[in-house]
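Below: the structure, in structure tokens.
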Amino acid sequence: MSDIRSVLITGASGRIGRDLCERLKDRFEVRAGVRREAEGLPKPVMCQLRDFDSVRAAVEGVDAVVHLAGQAWERDIYEQMIPDNITGCYNIYEASKQAGVKRVIFASTNHVVGKYLDEGTKVGEDVACRPDTFYAVTKIYGEALGRLYAERDGLSVICVRIGWFMHPERLVQRLRESPERRHHWVFGIWISPRDMAQFTACCLRAQNVHYEILNCASDNACGLQDISRAKKLIGYTPQDSVEALLREAG
């Protein structure tokens with residue numbers, strides 16, 4: 001695969017999307033996909049997931065798509081979850097195929113294996129899915145749909161099971177408010193903004209990737225998401241860990 005230069009980031013006005021746009025704009029030609037007007041984003045373009053023509057126009061001319069947009073948690077299934085997370089996801093893959101996009105990075109979630117995590121079980125990417133919400137079920141669909149487009153149409157797809165994204169200062173604040181949660185397993189799937197950006201850049205630059213599912217977390221010693229495959233396959237070298245953050249915070 002030739003080098004990826006131009007990237008559409010959907011959901012660019014969200015927490016992760018806005019941060020990625022800022023951190024990646026000097027490394028790639030970033031196009032910010034939004035569903036309404038938003039300030040402070042690079043080359044904003046309307047990308048209404050439910051409208052195929054809107055998605056098709058948004059992906060035209062880019063090398064890769066980082067698909068973050070969608071409904072999280074338990075929103076109205078018929079009015080929000082299915083139109084955005086099911087139909088919208090199909091629109092992204094189909095439009096990318098039609099436009100000749102080289103790679104789609106699909107934002108999946110740790111919640112697709114949430115029941116393992118609730119039990120304190122460390123997981124790799126090869127375990128059977130055990131979703132904890134309907135939101136997680138829609139992400140399993142996105143992973144499966146990505147495999148179809150990879151194997152049937154030759155689209156390169158990386159599905160990223162994102163851990164718990166939070167800015168360090170906010171994480172420290174939460175711990176100070178509830179110090180008893182310091183050893184709760186959820187802190188072991190923390191992904192820092194800096195590591196999230198590096199992980200995404202590694203996914204964009206990775207060579208000879210056909211279809212992969214990768215866990216995405218910082219280098220947390222207490223982590224329940226095994227990130228060894230991401231380190232080996234795409235050269236991910238996390239710089240942060242929840243343990244180091246807590247030491248620095250005292």
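Starting from 1 in every chain, residues are counted up; chains themselves are A, B, ... following the order of the structure tokens, and ligands are numbered from 1 as listed.
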**Asked** Got a sec: who's within 12 Å of stretch 166-170 of chain A, counting only C-alpha atoms, leaving out chain neighbours fewer than 5 positions off, as number ranges by chain?
**Response** A: 15-16, 19, 175-177, 186-187, 189-196, 217-218, 240-246, 248-249
Next, dump the selected residues to file, keeping only N, CA and C atoms, as a PDB file, in the first residue's frame.
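Final output, selection-v8.pdb:
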```pdb
ATOM      1  N   ARG A  15     -15.127  14.163  21.448  1.00  0.00           N
ATOM      2  CA  ARG A  15     -13.957  14.213  22.337  1.00  0.00           C
ATOM      3  C   ARG A  15     -12.710  13.665  21.660  1.00  0.00           C
ATOM      4  N   ILE A  16     -12.807  12.451  21.155  1.00  0.00           N
ATOM      5  CA  ILE A  16     -11.638  11.834  20.535  1.00  0.00           C
ATOM      6  C   ILE A  16     -11.348  12.485  19.191  1.00  0.00           C
ATOM      7  N   ASP A  19      -9.577  15.920  19.348  1.00  0.00           N
ATOM      8  CA  ASP A  19      -8.198  15.768  19.797  1.00  0.00           C
ATOM      9  C   ASP A  19      -7.328  15.172  18.692  1.00  0.00           C
ATOM     10  N   LEU A 175      -9.855  10.602  40.285  1.00  0.00           N
ATOM     11  CA  LEU A 175      -9.260   9.807  41.350  1.00  0.00           C
ATOM     12  C   LEU A 175      -9.230  10.569  42.665  1.00  0.00           C
ATOM     13  N   ARG A 176      -8.992  11.847  42.585  1.00  0.00           N
ATOM     14  CA  ARG A 176      -8.984  12.653  43.808  1.00  0.00           C
ATOM     15  C   ARG A 176     -10.382  12.760  44.397  1.00  0.00           C
ATOM     16  N   GLU A 177     -11.387  12.778  43.517  1.00  0.00           N
ATOM     17  CA  GLU A 177     -12.773  12.831  43.995  1.00  0.00           C
ATOM     18  C   GLU A 177     -13.213  11.495  44.573  1.00  0.00           C
ATOM     19  N   VAL A 186     -11.258  -0.472  35.554  1.00  0.00           N
ATOM     20  CA  VAL A 186     -11.484   0.428  34.430  1.00  0.00           C
ATOM     21  C   VAL A 186     -10.278   1.319  34.156  1.00  0.00           C
ATOM     22  N   PHE A 187      -9.494   1.623  35.216  1.00  0.00           N
ATOM     23  CA  PHE A 187      -8.317   2.459  35.011  1.00  0.00           C
ATOM     24  C   PHE A 187      -7.231   1.712  34.242  1.00  0.00           C
ATOM     25  N   ILE A 189      -7.699   0.130  31.495  1.00  0.00           N
ATOM     26  CA  ILE A 189      -7.910   0.204  30.049  1.00  0.00           C
ATOM     27  C   ILE A 189      -7.817   1.658  29.568  1.00  0.00           C
ATOM     28  N   TRP A 190      -7.213   2.486  30.391  1.00  0.00           N
ATOM     29  CA  TRP A 190      -7.068   3.900  30.027  1.00  0.00           C
ATOM     30  C   TRP A 190      -6.216   4.041  28.777  1.00  0.00           C
ATOM     31  N   ILE A 191      -6.634   4.957  27.891  1.00  0.00           N
ATOM     32  CA  ILE A 191      -5.840   5.340  26.734  1.00  0.00           C
ATOM     33  C   ILE A 191      -5.688   6.852  26.757  1.00  0.00           C
ATOM     34  N   SER A 192      -4.469   7.326  26.800  1.00  0.00           N
ATOM     35  CA  SER A 192      -4.220   8.758  26.850  1.00  0.00           C
ATOM     36  C   SER A 192      -4.401   9.371  25.467  1.00  0.00           C
ATOM     37  N   PRO A 193      -4.708  10.660  25.388  1.00  0.00           N
ATOM     38  CA  PRO A 193      -4.808  11.313  24.080  1.00  0.00           C
ATOM     39  C   PRO A 193      -3.528  11.190  23.254  1.00  0.00           C
ATOM     40  N   ARG A 194      -2.386  11.311  23.921  1.00  0.00           N
ATOM     41  CA  ARG A 194      -1.122  11.193  23.193  1.00  0.00           C
ATOM     42  C   ARG A 194      -0.958   9.804  22.590  1.00  0.00           C
ATOM     43  N   ASP A 195      -1.277   8.769  23.362  1.00  0.00           N
ATOM     44  CA  ASP A 195      -1.168   7.406  22.847  1.00  0.00           C
ATOM     45  C   ASP A 195      -2.237   7.115  21.798  1.00  0.00           C
ATOM     46  N   MET A 196      -3.431   7.696  21.965  1.00  0.00           N
ATOM     47  CA  MET A 196      -4.489   7.497  20.975  1.00  0.00           C
ATOM     48  C   MET A 196      -4.058   8.044  19.615  1.00  0.00           C
ATOM     49  N   ALA A 217      -5.027   0.672  24.074  1.00  0.00           N
ATOM     50  CA  ALA A 217      -4.915   1.194  25.437  1.00  0.00           C
ATOM     51  C   ALA A 217      -3.494   1.691  25.634  1.00  0.00           C
ATOM     52  N   SER A 218      -3.290   2.446  26.695  1.00  0.00           N
ATOM     53  CA  SER A 218      -1.929   2.836  27.052  1.00  0.00           C
ATOM     54  C   SER A 218      -1.220   1.641  27.685  1.00  0.00           C
ATOM     55  N   ASP A 240       2.503   6.397  27.648  1.00  0.00           N
ATOM     56  CA  ASP A 240       1.850   6.676  28.927  1.00  0.00           C
ATOM     57  C   ASP A 240       1.341   5.399  29.587  1.00  0.00           C
ATOM     58  N   SER A 241       1.102   5.502  30.881  1.00  0.00           N
ATOM     59  CA  SER A 241       0.475   4.412  31.637  1.00  0.00           C
ATOM     60  C   SER A 241      -0.240   5.029  32.824  1.00  0.00           C
ATOM     61  N   VAL A 242      -1.266   4.350  33.286  1.00  0.00           N
ATOM     62  CA  VAL A 242      -2.008   4.873  34.428  1.00  0.00           C
ATOM     63  C   VAL A 242      -1.145   4.883  35.676  1.00  0.00           C
ATOM     64  N   GLU A 243      -0.220   3.894  35.785  1.00  0.00           N
ATOM     65  CA  GLU A 243       0.661   3.836  36.962  1.00  0.00           C
ATOM     66  C   GLU A 243       1.598   5.040  37.023  1.00  0.00           C
ATOM     67  N   ALA A 244       2.194   5.393  35.878  1.00  0.00           N
ATOM     68  CA  ALA A 244       3.086   6.555  35.839  1.00  0.00           C
ATOM     69  C   ALA A 244       2.316   7.836  36.143  1.00  0.00           C
ATOM     70  N   LEU A 245       1.104   7.926  35.611  1.00  0.00           N
ATOM     71  CA  LEU A 245       0.292   9.109  35.861  1.00  0.00           C
ATOM     72  C   LEU A 245      -0.016   9.259  37.344  1.00  0.00           C
ATOM     73  N   LEU A 246      -0.335   8.167  37.998  1.00  0.00           N
ATOM     74  CA  LEU A 246      -0.675   8.225  39.426  1.00  0.00           C
ATOM     75  C   LEU A 246       0.555   8.559  40.274  1.00  0.00           C
ATOM     76  N   GLU A 248       3.064  10.437  39.296  1.00  0.00           N
ATOM     77  CA  GLU A 248       3.313  11.865  39.106  1.00  0.00           C
ATOM     78  C   GLU A 248       2.307  12.724  39.865  1.00  0.00           C
ATOM     79  N   ALA A 249       1.069  12.221  39.949  1.00  0.00           N
ATOM     80  CA  ALA A 249       0.013  12.980  40.634  1.00  0.00           C
ATOM     81  C   ALA A 249       0.092  12.860  42.146  1.00  0.00           C
TER      82      ALA A 249
END
```
Between stretch 149-230 of chain A and stretch 68-83 of chain A, at 12 Å or less, what are the per-residue closest atom pairs and their distances in Å? Count only C-alpha atoms, order by chain and rising residue number, and return it as a tab-separated table.
```
residue	atom	partner	partner_atom	distance
A:Cys159	CA	A:Leu68	CA	10.9
A:Val160	CA	A:Leu68	CA	10.2
A:Arg161	CA	A:Leu68	CA	11.5
A:Ile162	CA	A:Leu68	CA	10.5
A:Thr200	CA	A:Leu68	CA	11.4
```
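As for atom CA of A:Ile227 and atom CA of A:His184, they are spaced 19.2 Å apart.
Of note, atom CA of A:Asp219 and atom CA of A:Trp164 are spaced 12.5 Å apart.
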**Message:** DSSP on the backbone, alpha helix (DSSP H) only: what residues of stretch 18-232 of chain A does that give? Format it as a ChimeraX atom specification.
**Reply:** /A:18-24,52-59,88-99,114-118,134-153,168-177,193-205,228-232
**Request:** Within 9 Å of A:Asp132, counting only C-alpha atoms, which residues show up once you throw out same-chain ones fewer than 2 positions away? Write them as a PyMOL selection string, please.
**Result:** chain A and resi 111-115+130+134-137
Serialized selection, N, CA and C atoms, as an mmCIF file, in the first residue's frame:
```cif
data_model
loop_
_atom_site.group_PDB
_atom_site.id
_atom_site.type_symbol
_atom_site.label_atom_id
_atom_site.label_comp_id
_atom_site.auth_asym_id
_atom_site.auth_seq_id
_atom_site.Cartn_x
_atom_site.Cartn_y
_atom_site.Cartn_z
ATOM 1 N N HIS A 111 -16.141 -2.417 24.886
ATOM 2 C CA HIS A 111 -17.426 -2.966 25.330
ATOM 3 C C HIS A 111 -17.857 -4.199 24.545
ATOM 4 N N VAL A 112 -17.221 -4.478 23.406
ATOM 5 C CA VAL A 112 -17.575 -5.700 22.676
ATOM 6 C C VAL A 112 -17.142 -6.943 23.447
ATOM 7 N N VAL A 113 -16.214 -6.774 24.385
ATOM 8 C CA VAL A 113 -15.803 -7.868 25.280
ATOM 9 C C VAL A 113 -16.022 -7.444 26.730
ATOM 10 N N GLY A 114 -17.003 -6.571 26.930
ATOM 11 C CA GLY A 114 -17.213 -5.966 28.246
ATOM 12 C C GLY A 114 -17.478 -6.941 29.370
ATOM 13 N N LYS A 115 -18.127 -8.054 29.077
ATOM 14 C CA LYS A 115 -18.432 -9.027 30.122
ATOM 15 C C LYS A 115 -17.174 -9.709 30.658
ATOM 16 N N ARG A 130 -18.341 -10.722 23.852
ATOM 17 C CA ARG A 130 -19.327 -10.774 24.930
ATOM 18 C C ARG A 130 -19.765 -9.335 25.219
ATOM 19 N N PHE A 134 -26.226 -2.698 23.877
ATOM 20 C CA PHE A 134 -26.588 -2.721 22.457
ATOM 21 C C PHE A 134 -25.597 -1.892 21.649
ATOM 22 N N TYR A 135 -25.088 -0.828 22.245
ATOM 23 C CA TYR A 135 -24.026 -0.045 21.620
ATOM 24 C C TYR A 135 -22.874 -0.956 21.197
ATOM 25 N N ALA A 136 -22.462 -1.852 22.090
ATOM 26 C CA ALA A 136 -21.374 -2.776 21.778
ATOM 27 C C ALA A 136 -21.758 -3.709 20.641
ATOM 28 N N VAL A 137 -23.023 -4.114 20.586
ATOM 29 C CA VAL A 137 -23.489 -4.982 19.499
ATOM 30 C C VAL A 137 -23.331 -4.280 18.154
#
```
**Asked** Got a sec: who's within 8 Å of A:Ile105, counting only C-alpha atoms, leaving out chain neighbours fewer than 5 positions off, as a PyMOL selection string?
**Response** chain A and resi 64-67+157-160+203-204
For the selection you just gave me, I'd like the residues written to a file as a PDB file, in the first residue's frame, keeping C-alpha atoms.
```pdb
ATOM      1  CA  ALA A  64      -8.085   6.815   4.449  1.00  0.00           C
ATOM      2  CA  VAL A  65     -11.066   7.209   6.753  1.00  0.00           C
ATOM      3  CA  VAL A  66     -10.945   7.165  10.543  1.00  0.00           C
ATOM      4  CA  HIS A  67     -14.550   6.415  11.418  1.00  0.00           C
ATOM      5  CA  VAL A 157      -9.637  -2.351   7.424  1.00  0.00           C
ATOM      6  CA  ILE A 158      -8.347  -1.987  10.982  1.00  0.00           C
ATOM      7  CA  CYS A 159     -10.916  -2.224  13.782  1.00  0.00           C
ATOM      8  CA  VAL A 160      -9.685  -0.512  16.937  1.00  0.00           C
ATOM      9  CA  CYS A 203      -2.679   2.318  11.891  1.00  0.00           C
ATOM     10  CA  LEU A 204      -2.545   4.798   9.022  1.00  0.00           C
TER      11      LEU A 204
END
```
**Message:** Going by DSSP on the backbone, which residues of stretch 77-228 of chain A come out as strand (DSSP E)? List them as an NGL selection string.
**Reply:** :A and (103-109 or 156-162 or 164-165 or 190-191 or 211-216)
Could you list, as a tab-separated table (two decimals) with N, CA and C atoms, in the first residue's frame, every residue within 10 Å of A:Ala201, counting only C-alpha atoms and ignoring same-chain residues fewer than 5 positions away?
```tsv
chain	number	residue	atom	x	y	z
A	4	ILE	N	-0.20	6.79	3.01
A	4	ILE	CA	-1.46	7.51	3.22
A	4	ILE	C	-1.14	8.93	3.63
A	20	LEU	N	-7.85	14.16	17.99
A	20	LEU	CA	-7.08	13.55	16.90
A	20	LEU	C	-6.82	14.54	15.78
A	23	ARG	N	-3.93	16.72	16.83
A	23	ARG	CA	-2.64	16.05	16.96
A	23	ARG	C	-2.12	15.47	15.64
A	24	LEU	N	-3.02	15.21	14.71
A	24	LEU	CA	-2.60	14.58	13.45
A	24	LEU	C	-2.49	15.55	12.28
A	27	ARG	N	0.79	15.86	10.61
A	27	ARG	CA	1.35	14.63	10.05
A	27	ARG	C	0.63	14.16	8.79
A	28	PHE	N	-0.64	14.53	8.69
A	28	PHE	CA	-1.47	14.13	7.56
A	28	PHE	C	-2.31	15.32	7.10
A	195	ASP	N	-1.28	8.77	23.36
A	195	ASP	CA	-1.17	7.41	22.85
A	195	ASP	C	-2.24	7.11	21.80
A	196	MET	N	-3.43	7.70	21.97
A	196	MET	CA	-4.49	7.50	20.98
A	196	MET	C	-4.06	8.04	19.61
A	206	ALA	N	0.72	1.73	8.72
A	206	ALA	CA	1.05	0.30	8.68
A	206	ALA	C	1.00	-0.23	7.25
A	234	ILE	N	1.78	-3.08	14.19
A	234	ILE	CA	1.80	-1.72	13.63
A	234	ILE	C	2.88	-0.84	14.26
A	236	TYR	N	3.23	0.08	17.45
A	236	TYR	CA	2.71	0.96	18.50
A	236	TYR	C	3.63	0.93	19.71
```
**Fill in**
Shortest contact to A:Ala197, candidates A:Arg174, A:Lys102, A:Lys232, A:Arg18, atoms counted only C-alpha atoms, goes to A:Arg18
Nearby residues (only C-alpha atoms) at most 9 Å from stretch 89-100 of chain A, same-chain spacing under 4 positions excluded, as a PDB file with C-alpha atoms, in the first residue's frame:
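Ended up saving to selection_6.pdb:
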```
ATOM      1  CA  LEU A  49     -24.023   9.238   8.365  1.00  0.00           C
ATOM      2  CA  ARG A  50     -27.630   8.471   7.475  1.00  0.00           C
ATOM      3  CA  ASP A  51     -27.314  10.160   4.073  1.00  0.00           C
ATOM      4  CA  PHE A  52     -25.242   8.088   1.655  1.00  0.00           C
ATOM      5  CA  ASP A  53     -24.699  10.989  -0.753  1.00  0.00           C
ATOM      6  CA  VAL A  55     -20.916  10.354   3.135  1.00  0.00           C
ATOM      7  CA  ARG A  56     -19.903   9.663  -0.456  1.00  0.00           C
ATOM      8  CA  ALA A  57     -19.016  13.323  -1.004  1.00  0.00           C
ATOM      9  CA  ALA A  58     -17.091  13.479   2.280  1.00  0.00           C
ATOM     10  CA  VAL A  59     -14.806  10.527   1.451  1.00  0.00           C
ATOM     11  CA  GLU A  60     -14.069  11.603  -2.112  1.00  0.00           C
ATOM     12  CA  GLY A  61     -10.358  12.096  -2.704  1.00  0.00           C
ATOM     13  CA  VAL A  62      -9.004  10.890   0.660  1.00  0.00           C
ATOM     14  CA  ASP A  63      -6.609   7.998   1.158  1.00  0.00           C
ATOM     15  CA  ALA A  64      -8.085   6.815   4.449  1.00  0.00           C
ATOM     16  CA  VAL A  65     -11.066   7.209   6.753  1.00  0.00           C
ATOM     17  CA  HIS A  67     -14.550   6.415  11.418  1.00  0.00           C
ATOM     18  CA  ALA A  69     -18.835   9.069  14.387  1.00  0.00           C
ATOM     19  CA  GLY A  70     -21.910   7.347  15.777  1.00  0.00           C
ATOM     20  CA  PRO A  83     -29.680   4.864  11.619  1.00  0.00           C
ATOM     21  CA  ASP A  84     -26.235   6.058  12.748  1.00  0.00           C
ATOM     22  CA  ASN A  85     -24.414   2.924  13.913  1.00  0.00           C
ATOM     23  CA  VAL A 104     -10.779   2.409   6.882  1.00  0.00           C
ATOM     24  CA  TYR A 141     -21.543  -5.361  13.443  1.00  0.00           C
ATOM     25  CA  GLY A 142     -19.037  -2.729  12.300  1.00  0.00           C
ATOM     26  CA  LEU A 145     -18.937  -5.523   8.085  1.00  0.00           C
ATOM     27  CA  GLY A 146     -15.353  -4.371   7.826  1.00  0.00           C
ATOM     28  CA  TYR A 149     -15.439  -5.347   2.712  1.00  0.00           C
ATOM     29  CA  ASP A 153     -13.705  -5.903  -2.006  1.00  0.00           C
ATOM     30  CA  GLY A 154     -10.051  -5.642  -0.977  1.00  0.00           C
ATOM     31  CA  LEU A 155     -10.512  -2.648   1.320  1.00  0.00           C
TER      32      LEU A 155
END
```
